[in-house]
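**Student:** First the structure, then my questions, so here it is.
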Amino acid sequence: MTKIESLENMAKTILADESKVLGADEYNTLIAKAETEEEIELYTAIYNHLLKKKHAEVIKNVKY
């Protein structure tokens, strides 16, 4: 399995978990360890997606 395939599998696992939130520290660690621009883009896309889901959930449930 290539590194990209491994990253894609990781992304699918994270995105399948409805309660998963990627914290800023986790995100920064992933970015710091990224070896390619594709990895950075993948981590950023995952982080943004999870953040949008969490924001939508908070707004839906009127949690401030």
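Numbering starts fresh at 1 for the residues of each chain in the structure tokens, the chains themselves are lettered A, B, ... in the order given, and ligands are numbered from 1 as they appear.
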Skipping near chain neighbours, those fewer than 6 positions away, what residues fall within 10 Å of Ile46 of chain A using only C-alpha atoms, listed as a VMD selection string?
**Tutor:** chain A and resid 11 to 12 14 to 15 21 to 22 27 40 52
**Student:** Take the residues just selected and output them with C-alpha atoms as an mmCIF file, in the first residue's frame.
**Tutor:**
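Okay, selection_39.cif is ready:
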data_model
loop_
_atom_site.group_PDB
_atom_site.id
_atom_site.type_symbol
_atom_site.label_atom_id
_atom_site.label_comp_id
_atom_site.auth_asym_id
_atom_site.auth_seq_id
_atom_site.Cartn_x
_atom_site.Cartn_y
_atom_site.Cartn_z
ATOM 1 C CA ALA A 11 -9.210 9.957 6.009
ATOM 2 C CA LYS A 12 -12.106 7.583 5.294
ATOM 3 C CA ILE A 14 -11.880 9.663 10.404
ATOM 4 C CA LEU A 15 -14.691 10.966 8.225
ATOM 5 C CA VAL A 21 -13.194 16.320 15.850
ATOM 6 C CA LEU A 22 -9.650 17.059 14.772
ATOM 7 C CA TYR A 27 -3.890 19.348 12.803
ATOM 8 C CA ILE A 40 -0.885 19.042 3.608
ATOM 9 C CA LYS A 52 -17.756 22.521 9.133
#
**Student:** Any idea what the distance is between atom CA of Asp25 of chain A and atom CA of Ala45 of chain A?
**Tutor:**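 Taking atom CA of Asp25 of chain A and atom CA of Ala45 of chain A, their separation equals 15.7 Å.
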**Student:** If we count only C-alpha atoms, what is near Glu5 of chain A at a cut-off of 12 Å, once residues fewer than 4 positions away on the same chain are taken out, given as a list in words?
**Tutor:** Met1, Asn9, Met10, Ala11, Lys12, Glu38, Glu39 and Leu42 of chain A
**Student:** Run DSSP on the backbone and tell me which residues of chain A come out as helix (DSSP H, G or I); list them as number ranges by chain.
**Tutor:** A: 3-16, 24-33, 37-60
**Student:** What does the structure give for the distance between atom CA of Val58 of chain A and atom CA of Tyr43 of chain A, in Å to one decimal?
**Tutor:**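 Between atom CA of Val58 of chain A and atom CA of Tyr43 of chain A the gap is 22.4 Å.
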**Student:** Work out how far apart atom CA of Ala24 of chain A and atom CA of Glu8 of chain A are and give it in Å to one decimal.
**Tutor:**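 Distance between the two atoms: 20.2 Å.
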